[in-house]
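Listing of coords14.json; format and content: JSON, C-alpha atoms.
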[["chain", "number", "residue", "atom", "x", "y", "z"],
["A", 1, "MET", "CA", -8.17, -7.80, 1.19],
["A", 2, "ALA", "CA", -11.19, -7.49, -1.00],
["A", 3, "ASN", "CA", -10.07, -4.31, -2.73],
["A", 4, "ILE", "CA", -6.76, -5.87, -3.78],
["A", 5, "LEU", "CA", -8.44, -9.02, -5.05],
["A", 6, "SER", "CA", -10.95, -7.05, -7.09],
["A", 7, "PHE", "CA", -8.07, -5.03, -8.53],
["A", 8, "PHE", "CA", -6.36, -8.16, -9.78],
["A", 9, "VAL", "CA", -9.57, -9.68, -11.10],
["A", 10, "SER", "CA", -10.27, -6.49, -13.06],
["A", 11, "ILE", "CA", -6.76, -6.42, -14.52],
["A", 12, "SER", "CA", -6.73, -10.11, -15.37],
["A", 13, "VAL", "CA", -10.01, -9.85, -17.25],
["A", 14, "THR", "CA", -9.37, -6.65, -19.13],
["A", 15, "ILE", "CA", -5.62, -6.58, -19.71],
["A", 16, "PHE", "CA", -3.72, -9.78, -19.20],
["A", 17, "VAL", "CA", -3.65, -12.37, -21.94],
["A", 18, "PRO", "CA", -1.82, -15.71, -21.60],
["A", 19, "LEU", "CA", 0.38, -15.15, -24.62],
["A", 20, "CYS", "CA", 4.10, -15.87, -24.81],
["A", 21, "MET", "CA", 6.32, -14.28, -27.39],
["A", 22, "ALA", "CA", 9.95, -15.06, -28.13],
["A", 23, "ALA", "CA", 11.51, -11.63, -27.80],
["A", 24, "THR", "CA", 14.59, -10.26, -26.12],
["A", 25, "SER", "CA", 12.53, -8.23, -23.66],
["A", 26, "PHE", "CA", 10.47, -11.31, -22.79],
["A", 27, "ASN", "CA", 13.64, -13.29, -22.09],
["A", 28, "ASP", "CA", 14.91, -10.42, -19.94],
["A", 29, "ASP", "CA", 11.76, -10.58, -17.82],
["A", 30, "GLN", "CA", 12.20, -14.34, -17.48],
["A", 31, "SER", "CA", 15.79, -13.88, -16.30],
["A", 32, "VAL", "CA", 14.69, -11.31, -13.71],
["A", 33, "LEU", "CA", 12.07, -13.65, -12.27],
["A", 34, "LEU", "CA", 14.47, -16.59, -12.17],
["A", 35, "GLU", "CA", 16.90, -14.42, -10.21],
["A", 36, "PHE", "CA", 14.04, -13.48, -7.88],
["A", 37, "LYS", "CA", 13.37, -17.20, -7.39],
["A", 38, "ALA", "CA", 17.06, -17.75, -6.62],
["A", 39, "HIS", "CA", 16.76, -15.26, -3.74],
["A", 40, "ILE", "CA", 14.09, -17.40, -2.04],
["A", 41, "ALA", "CA", 16.01, -18.98, 0.81],
["A", 42, "SER", "CA", 13.21, -20.98, 2.38],
["A", 43, "ASN", "CA", 9.77, -22.26, 1.44],
["A", 44, "PRO", "CA", 8.54, -23.91, 4.65],
["A", 45, "HIS", "CA", 4.99, -24.50, 3.45],
["A", 46, "ASN", "CA", 6.12, -25.97, 0.15],
["A", 47, "VAL", "CA", 3.95, -23.58, -1.84],
["A", 48, "TRP", "CA", 6.60, -22.07, -4.13],
["A", 49, "PRO", "CA", 5.42, -22.18, -7.77],
["A", 50, "TYR", "CA", 7.67, -24.91, -9.11],
["A", 51, "ASN", "CA", 6.65, -24.29, -12.72],
["A", 52, "TRP", "CA", 9.02, -21.31, -12.76],
["A", 53, "SER", "CA", 11.60, -22.73, -15.17],
["A", 54, "SER", "CA", 13.65, -21.52, -18.11],
["A", 55, "ALA", "CA", 12.04, -24.33, -20.10],
["A", 56, "THR", "CA", 8.61, -22.69, -19.95],
["A", 57, "GLY", "CA", 7.24, -19.26, -20.75],
["A", 58, "VAL", "CA", 6.47, -16.83, -17.94],
["A", 59, "CYS", "CA", 2.87, -16.57, -19.10],
["A", 60, "ILE", "CA", 2.09, -19.94, -17.49],
["A", 61, "TRP", "CA", 4.08, -19.39, -14.30],
["A", 62, "THR", "CA", 2.10, -19.33, -11.08],
["A", 63, "GLY", "CA", 1.59, -15.79, -9.81],
["A", 64, "VAL", "CA", 2.73, -14.14, -13.05],
["A", 65, "SER", "CA", 0.49, -12.31, -15.50],
["A", 66, "SER", "CA", 1.70, -11.08, -18.85],
["A", 67, "GLY", "CA", 0.26, -8.87, -21.55],
["A", 68, "VAL", "CA", -0.16, -9.25, -25.29],
["A", 69, "SER", "CA", 3.52, -8.44, -25.74],
["A", 70, "GLY", "CA", 4.55, -11.26, -23.43],
["A", 71, "ARG", "CA", 5.96, -8.76, -20.93],
["A", 72, "VAL", "CA", 5.35, -9.36, -17.22],
["A", 73, "MET", "CA", 2.65, -7.00, -15.96],
["A", 74, "ALA", "CA", 1.78, -8.45, -12.54],
["A", 75, "LEU", "CA", 3.58, -10.48, -9.88],
["A", 76, "ASN", "CA", 1.13, -11.83, -7.32],
["A", 77, "LEU", "CA", 2.66, -14.06, -4.61],
["A", 78, "PRO", "CA", 0.79, -13.29, -1.37],
["A", 79, "ASN", "CA", 0.62, -15.41, 1.78],
["A", 80, "MET", "CA", 3.17, -18.05, 0.77],
["A", 81, "ILE", "CA", 5.43, -17.53, 3.83],
["A", 82, "LEU", "CA", 8.44, -17.27, 1.52],
["A", 83, "HIS", "CA", 11.77, -16.35, 3.15],
["A", 84, "GLY", "CA", 14.42, -14.35, 1.36],
["A", 85, "ASP", "CA", 15.09, -10.87, 0.05],
["A", 86, "ILE", "CA", 13.86, -8.78, -2.85],
["A", 87, "PRO", "CA", 16.65, -8.53, -5.45],
["A", 88, "PRO", "CA", 17.43, -5.24, -7.24],
["A", 89, "PRO", "CA", 16.84, -6.62, -10.77],
["A", 90, "LEU", "CA", 13.13, -6.73, -10.01],
["A", 91, "GLY", "CA", 13.21, -3.06, -10.95],
["A", 92, "ASN", "CA", 13.88, -4.11, -14.55],
["A", 93, "LEU", "CA", 10.32, -5.39, -15.01],
["A", 94, "SER", "CA", 9.52, -2.18, -16.84],
["A", 95, "PHE", "CA", 5.95, -3.18, -17.77],
["A", 96, "LEU", "CA", 4.97, -4.15, -14.22],
["A", 97, "LEU", "CA", 1.64, -2.72, -13.03],
["A", 98, "ALA", "CA", 1.10, -4.74, -9.84],
["A", 99, "LEU", "CA", 3.49, -6.22, -7.27],
["A", 100, "ASN", "CA", 1.97, -8.14, -4.38],
["A", 101, "VAL", "CA", 4.34, -10.04, -2.09],
["A", 102, "SER", "CA", 2.32, -9.53, 1.11],
["A", 103, "GLY", "CA", 2.12, -12.13, 3.85],
["A", 104, "ASN", "CA", 5.63, -13.52, 3.40],
["A", 105, "CYS", "CA", 8.92, -13.25, 5.28],
["A", 106, "PHE", "CA", 11.01, -11.09, 2.94],
["A", 107, "ASN", "CA", 13.72, -9.21, 4.79],
["A", 108, "GLY", "CA", 16.26, -6.47, 4.18],
["A", 109, "ASP", "CA", 15.76, -3.11, 2.49],
["A", 110, "LEU", "CA", 13.54, -2.40, -0.46],
["A", 111, "PRO", "CA", 16.05, -2.00, -3.31],
["A", 112, "SER", "CA", 16.26, 1.46, -4.85],
["A", 113, "GLU", "CA", 16.01, -0.11, -8.30],
["A", 114, "LEU", "CA", 12.26, -0.50, -7.73],
["A", 115, "ALA", "CA", 12.08, 3.25, -8.34],
["A", 116, "LYS", "CA", 12.35, 2.40, -12.06],
["A", 117, "LEU", "CA", 8.88, 0.80, -12.05],
["A", 118, "HIS", "CA", 7.29, 3.99, -13.32],
["A", 119, "GLY", "CA", 4.07, 2.29, -14.43],
["A", 120, "LEU", "CA", 3.43, 0.53, -11.12],
["A", 121, "GLU", "CA", -0.15, 1.01, -9.90],
["A", 122, "LEU", "CA", -0.27, -1.39, -6.96],
["A", 123, "MET", "CA", 2.43, -2.35, -4.49],
["A", 124, "ASP", "CA", 1.68, -4.48, -1.45],
["A", 125, "SER", "CA", 4.64, -5.63, 0.64],
["A", 126, "SER", "CA", 2.70, -5.65, 3.91],
["A", 127, "ASN", "CA", 3.25, -8.24, 6.63],
["A", 128, "ASN", "CA", 6.85, -9.10, 5.86],
["A", 129, "GLU", "CA", 10.14, -8.48, 7.70],
["A", 130, "LEU", "CA", 11.45, -5.62, 5.58],
["A", 131, "SER", "CA", 13.70, -3.12, 7.35],
["A", 132, "GLY", "CA", 15.51, 0.16, 6.88],
["A", 133, "GLU", "CA", 13.82, 3.47, 6.18],
["A", 134, "ILE", "CA", 10.73, 3.69, 4.01],
["A", 135, "PRO", "CA", 12.28, 4.96, 0.76],
["A", 136, "SER", "CA", 11.55, 8.44, -0.48],
["A", 137, "TRP", "CA", 11.71, 7.17, -4.07],
["A", 138, "PHE", "CA", 8.11, 6.03, -3.77],
["A", 139, "GLY", "CA", 7.39, 9.63, -4.72],
["A", 140, "ASN", "CA", 8.72, 8.83, -8.22],
["A", 141, "LEU", "CA", 6.07, 6.15, -8.82],
["A", 142, "THR", "CA", 3.44, 8.61, -9.93],
["A", 143, "GLU", "CA", 1.03, 5.96, -11.23],
["A", 144, "LEU", "CA", 0.63, 4.31, -7.82],
["A", 145, "ARG", "CA", -2.97, 3.87, -6.71],
["A", 146, "HIS", "CA", -2.49, 1.45, -3.82],
["A", 147, "LEU", "CA", 0.56, 1.32, -1.52],
["A", 148, "SER", "CA", 0.67, -1.04, 1.49],
["A", 149, "LEU", "CA", 3.77, -1.19, 3.67],
["A", 150, "PHE", "CA", 2.32, -1.98, 7.11],
["A", 151, "GLY", "CA", 3.45, -4.86, 9.30],
["A", 152, "ASN", "CA", 7.21, -4.64, 8.62],
["A", 153, "ASN", "CA", 10.31, -3.64, 10.59],
["A", 154, "PHE", "CA", 10.88, -0.22, 9.06],
["A", 155, "ILE", "CA", 12.54, 2.41, 11.20],
["A", 156, "GLY", "CA", 11.01, 5.83, 11.60],
["A", 157, "SER", "CA", 11.25, 8.19, 8.66],
["A", 158, "GLY", "CA", 8.95, 10.81, 7.25],
["A", 159, "SER", "CA", 10.68, 11.00, 3.86],
["A", 160, "ILE", "CA", 7.81, 9.30, 2.07],
["A", 161, "LEU", "CA", 5.43, 11.96, 3.39],
["A", 162, "SER", "CA", 7.55, 14.73, 1.91],
["A", 163, "SER", "CA", 7.02, 13.37, -1.60],
["A", 164, "ILE", "CA", 3.45, 12.15, -1.32],
["A", 165, "GLY", "CA", 2.15, 15.16, -3.22],
["A", 166, "ASN", "CA", 3.72, 13.63, -6.34],
["A", 167, "LEU", "CA", 1.44, 10.59, -6.15],
["A", 168, "THR", "CA", -1.50, 12.28, -7.83],
["A", 169, "ASN", "CA", -3.25, 8.96, -8.60],
["A", 170, "LEU", "CA", -2.95, 7.53, -5.09],
["A", 171, "ARG", "CA", -6.17, 6.11, -3.62],
["A", 172, "GLU", "CA", -5.05, 4.00, -0.64],
["A", 173, "LEU", "CA", -2.00, 4.38, 1.61],
["A", 174, "TYR", "CA", -1.34, 1.90, 4.43],
["A", 175, "LEU", "CA", 1.59, 2.77, 6.72],
["A", 176, "ALA", "CA", 0.32, 1.39, 10.05],
["A", 177, "ALA", "CA", 2.95, 0.23, 12.55],
["A", 178, "THR", "CA", 5.83, 1.45, 10.39],
["A", 179, "ASP", "CA", 7.04, 3.91, 13.05],
["A", 180, "ILE", "CA", 6.85, 6.63, 10.41],
["A", 181, "ALA", "CA", 7.68, 10.01, 11.92],
["A", 182, "GLY", "CA", 7.03, 13.62, 11.01],
["A", 183, "GLU", "CA", 3.94, 15.67, 10.25],
["A", 184, "ILE", "CA", 1.10, 14.85, 7.91],
["A", 185, "PRO", "CA", 1.75, 17.00, 4.83],
["A", 186, "ARG", "CA", -0.91, 19.40, 3.63],
["A", 187, "GLU", "CA", -0.28, 18.08, 0.10],
["A", 188, "ILE", "CA", -2.33, 14.97, 0.91],
["A", 189, "GLY", "CA", -5.38, 17.20, 0.63],
["A", 190, "ASN", "CA", -4.56, 17.79, -3.04],
["A", 191, "LEU", "CA", -4.81, 14.11, -4.03],
["A", 192, "ARG", "CA", -8.08, 14.11, -5.95],
["A", 193, "ASP", "CA", -8.76, 10.33, -5.72],
["A", 194, "PHE", "CA", -7.41, 9.65, -2.21],
["A", 195, "GLN", "CA", -9.79, 7.38, -0.26],
["A", 196, "VAL", "CA", -7.97, 5.60, 2.61],
["A", 197, "PHE", "CA", -5.12, 6.73, 4.88],
["A", 198, "ASP", "CA", -3.97, 4.31, 7.58],
["A", 199, "ALA", "CA", -1.01, 5.41, 9.70],
["A", 200, "ARG", "CA", -2.06, 4.14, 13.12],
["A", 201, "ASN", "CA", 0.51, 2.94, 15.68],
["A", 202, "SER", "CA", 3.25, 5.20, 14.33],
["A", 203, "SER", "CA", 5.07, 8.36, 15.43],
["A", 204, "LEU", "CA", 3.26, 11.14, 13.56],
["A", 205, "THR", "CA", 3.38, 14.55, 15.22],
["A", 206, "GLY", "CA", 1.80, 17.96, 14.76],
["A", 207, "SER", "CA", -1.76, 18.68, 13.72],
["A", 208, "ILE", "CA", -3.94, 17.16, 11.01],
["A", 209, "PRO", "CA", -4.18, 19.53, 8.02],
["A", 210, "GLU", "CA", -7.74, 20.78, 7.89],
["A", 211, "ASN", "CA", -7.95, 20.43, 4.11],
["A", 212, "ILE", "CA", -7.88, 16.64, 4.55],
["A", 213, "PHE", "CA", -11.37, 16.78, 6.04],
["A", 214, "ASN", "CA", -12.62, 18.67, 3.00],
["A", 215, "MET", "CA", -11.60, 16.03, 0.47],
["A", 216, "SER", "CA", -14.59, 14.74, -1.48],
["A", 217, "SER", "CA", -12.89, 11.40, -2.17],
["A", 218, "LEU", "CA", -11.62, 10.49, 1.33],
["A", 219, "LYS", "CA", -13.63, 7.73, 3.06],
["A", 220, "TRP", "CA", -11.47, 6.35, 5.87],
["A", 221, "ILE", "CA", -8.63, 7.74, 7.97],
["A", 222, "TYR", "CA", -6.91, 5.82, 10.79],
["A", 223, "LEU", "CA", -4.53, 7.76, 13.04],
["A", 224, "GLY", "CA", -4.75, 6.00, 16.41],
["A", 225, "ASN", "CA", -1.70, 5.71, 18.67],
["A", 226, "ASN", "CA", 0.32, 8.60, 17.27],
["A", 227, "LYS", "CA", 1.60, 11.83, 18.81],
["A", 228, "LEU", "CA", -0.78, 14.21, 17.10],
["A", 229, "SER", "CA", -1.96, 17.46, 18.64],
["A", 230, "GLY", "CA", -4.15, 20.42, 17.83],
["A", 231, "THR", "CA", -7.87, 20.76, 17.23],
["A", 232, "LEU", "CA", -10.37, 18.96, 15.04],
["A", 233, "PRO", "CA", -12.57, 20.80, 12.52],
["A", 234, "ILE", "CA", -15.84, 22.01, 14.04],
["A", 235, "ASP", "CA", -18.01, 19.85, 11.76],
["A", 236, "ILE", "CA", -16.12, 16.71, 12.79],
["A", 237, "ARG", "CA", -16.13, 17.29, 16.52],
["A", 238, "CYS", "CA", -19.62, 18.74, 16.86],
["A", 239, "ASN", "CA", -21.80, 17.52, 14.01],
["A", 240, "GLN", "CA", -20.63, 13.93, 13.70],
["A", 241, "ARG", "CA", -21.56, 11.14, 16.05],
["A", 242, "ASN", "CA", -18.90, 8.93, 17.60],
["A", 243, "PRO", "CA", -19.64, 5.25, 16.76],
["A", 244, "MET", "CA", -18.18, 4.35, 20.15],
["A", 245, "GLY", "CA", -20.59, 6.72, 21.86],
["A", 246, "GLY", "CA", -20.58, 10.39, 22.77],
["A", 247, "ARG", "CA", -19.24, 13.41, 20.90],
["A", 248, "GLN", "CA", -15.88, 14.04, 19.29],
["A", 249, "PRO", "CA", -13.08, 15.54, 21.36],
["A", 250, "SER", "CA", -12.28, 19.11, 20.46],
["A", 251, "GLU", "CA", -8.55, 18.45, 20.74],
["A", 252, "LEU", "CA", -6.12, 15.64, 20.03],
["A", 253, "GLY", "CA", -3.31, 14.51, 22.29],
["A", 254, "GLY", "CA", -3.06, 12.69, 25.58],
["A", 255, "ALA", "CA", -4.25, 9.23, 26.51],
["A", 256, "GLY", "CA", -7.79, 10.46, 27.05],
["A", 257, "HIS", "CA", -8.21, 11.20, 23.35],
["A", 258, "ARG", "CA", -6.81, 8.03, 21.81],
["A", 259, "ARG", "CA", -10.05, 6.09, 21.63],
["A", 260, "ASN", "CA", -12.30, 8.44, 19.69],
["A", 261, "GLY", "CA", -13.85, 8.02, 16.27],
["A", 262, "ALA", "CA", -16.12, 9.87, 13.86],
["A", 263, "HIS", "CA", -18.67, 8.85, 11.28],
["A", 264, "ARG", "CA", -20.06, 10.85, 8.40],
["A", 265, "SER", "CA", -23.11, 9.74, 6.48],
["A", 266, "HIS", "CA", -22.45, 7.51, 3.44],
["A", 267, "SER", "CA", -25.01, 9.52, 1.47],
["A", 268, "THR", "CA", -22.90, 12.66, 1.47],
["A", 269, "GLY", "CA", -20.10, 11.13, -0.60],
["A", 270, "TYR", "CA", -17.59, 12.62, 1.83],
["A", 271, "LEU", "CA", -15.59, 11.31, 4.75],
["A", 272, "GLN", "CA", -17.24, 8.24, 6.27],
["A", 273, "HIS", "CA", -14.98, 7.24, 9.15],
["A", 274, "VAL", "CA", -12.25, 8.95, 11.18],
["A", 275, "PHE", "CA", -10.51, 6.93, 13.87],
["A", 276, "PHE", "CA", -8.10, 8.17, 16.50],
["A", 277, "GLU", "CA", -8.31, 5.05, 18.64],
["A", 278, "ASP", "CA", -5.91, 2.11, 18.65],
["A", 279, "ASP", "CA", -8.55, -0.59, 18.02],
["A", 280, "SER", "CA", -10.18, 0.75, 14.84],
["A", 281, "PRO", "CA", -11.47, -1.81, 12.32],
["A", 282, "ARG", "CA", -8.76, -3.73, 10.51],
["A", 283, "LYS", "CA", -8.36, -3.51, 6.74],
["A", 284, "GLN", "CA", -10.10, -6.38, 4.98]]

With the file now loaded, output its structure as structure tokens.
Amino acid sequence: MANILSFFVSISVTIFVPLCMAATSFNDDQSVLLEFKAHIASNPHNVWPYNWSSATGVCIWTGVSSGVSGRVMALNLPNMILHGDIPPPLGNLSFLLALNVSGNCFNGDLPSELAKLHGLELMDSSNNELSGEIPSWFGNLTELRHLSLFGNNFIGSGSILSSIGNLTNLRELYLAATDIAGEIPREIGNLRDFQVFDARNSSLTGSIPENIFNMSSLKWIYLGNNKLSGTLPIDIRCNQRNPMGGRQPSELGGAGHRRNGAHRSHSTGYLQHVFFEDDSPRKQ
């Protein structure tokens, strides 16, 4: 995922400094990460960072980035096929800005203690085996810019949608195949920096709030394979060409309308792609 990688490169260059400091808070962060390591039940590809040890500082641990204070600011462990669960004490990493555990086999619920990560800007737990409902406490993480939860075993819940208006800094939201239910809240249209919304292959109902199509920041929206209904805005269905050929449908709903898309010119600075089909381009 190019956007995630560029995010980490930017942070590592401008913020993170490999400096370890002997402080109580630093030792607390070390203890939290060692407990996290203890919850790893299996490492079939033998890629676990074995330099995680109480004998060394966290600033040299694989996948860990710390700031000038020595506090942990990023945990980046994608695509290691690690098996285990995410322990509640991870919520005590109070300086954490980025948490990326995508592409592993973590199971169980997301612990509510993660709601204490008030400075978190990026969370990617996609492509794991997490279960339970998508927590509503994500609405407390008001600094979030990127949230990826797709590719897990969550059961349907629209609670996260009810609090999405609180995430005023959110830019990208990936909820595909989470079986999330409920209606798309009108509050999404108030997120000034919102760029990507992917909720395909879920159980969304109702109509798409028209103010979403008026957002100057929104570039991509994927809503294929849901239970949406209602009409599309006139400028989307009449003025925009379908990249798969033909014109936009005037209404959503029914199998005949599940493979339609829309494209708006890149030069306008507005919405570039709308997809209501189930084979829209995958996130890179």

Check your understanding: Which is closest to A:Ser31 among A:Ser216, A:Asn92, A:Asn76, A:Asn43, if we use only C-alpha atoms?
Key ->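 Once distances to A:Ser31 are computed over only C-alpha atoms, the minimum belongs to A:Asn92.
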
Review point. Near A:Thr205, counting all atoms listed in the file, which residues have an atom at most 6 Å away, once you skip same-chain residues fewer than 4 positions from it, shown as a ChimeraX atom specification?
Key: /A:182-183,227-228

Exercise for review: Considering only C-alpha atoms, state which residue in the set A:Ile164, A:Asn46, A:Asn100, A:Glu187 is at the smallest distance from A:Trp137.
Suggested key: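 Distance minimum relative to A:Trp137 lands on A:Ile164.
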
Exercise for review: Would you please work out which residue, of A:Ala176, A:Ala181, A:Ile160, A:Met80, is nearest to A:Ser42 when using all atoms listed in the file?
Suggested key: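 Once distances to A:Ser42 are computed over all atoms listed in the file, the minimum belongs to A:Met80.
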
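Shortest atom-to-atom contact with A:Ile155 among A:Pro185, A:Gly108, A:Gly119, A:Pro89: A:Gly108, counting all atoms listed in the file.
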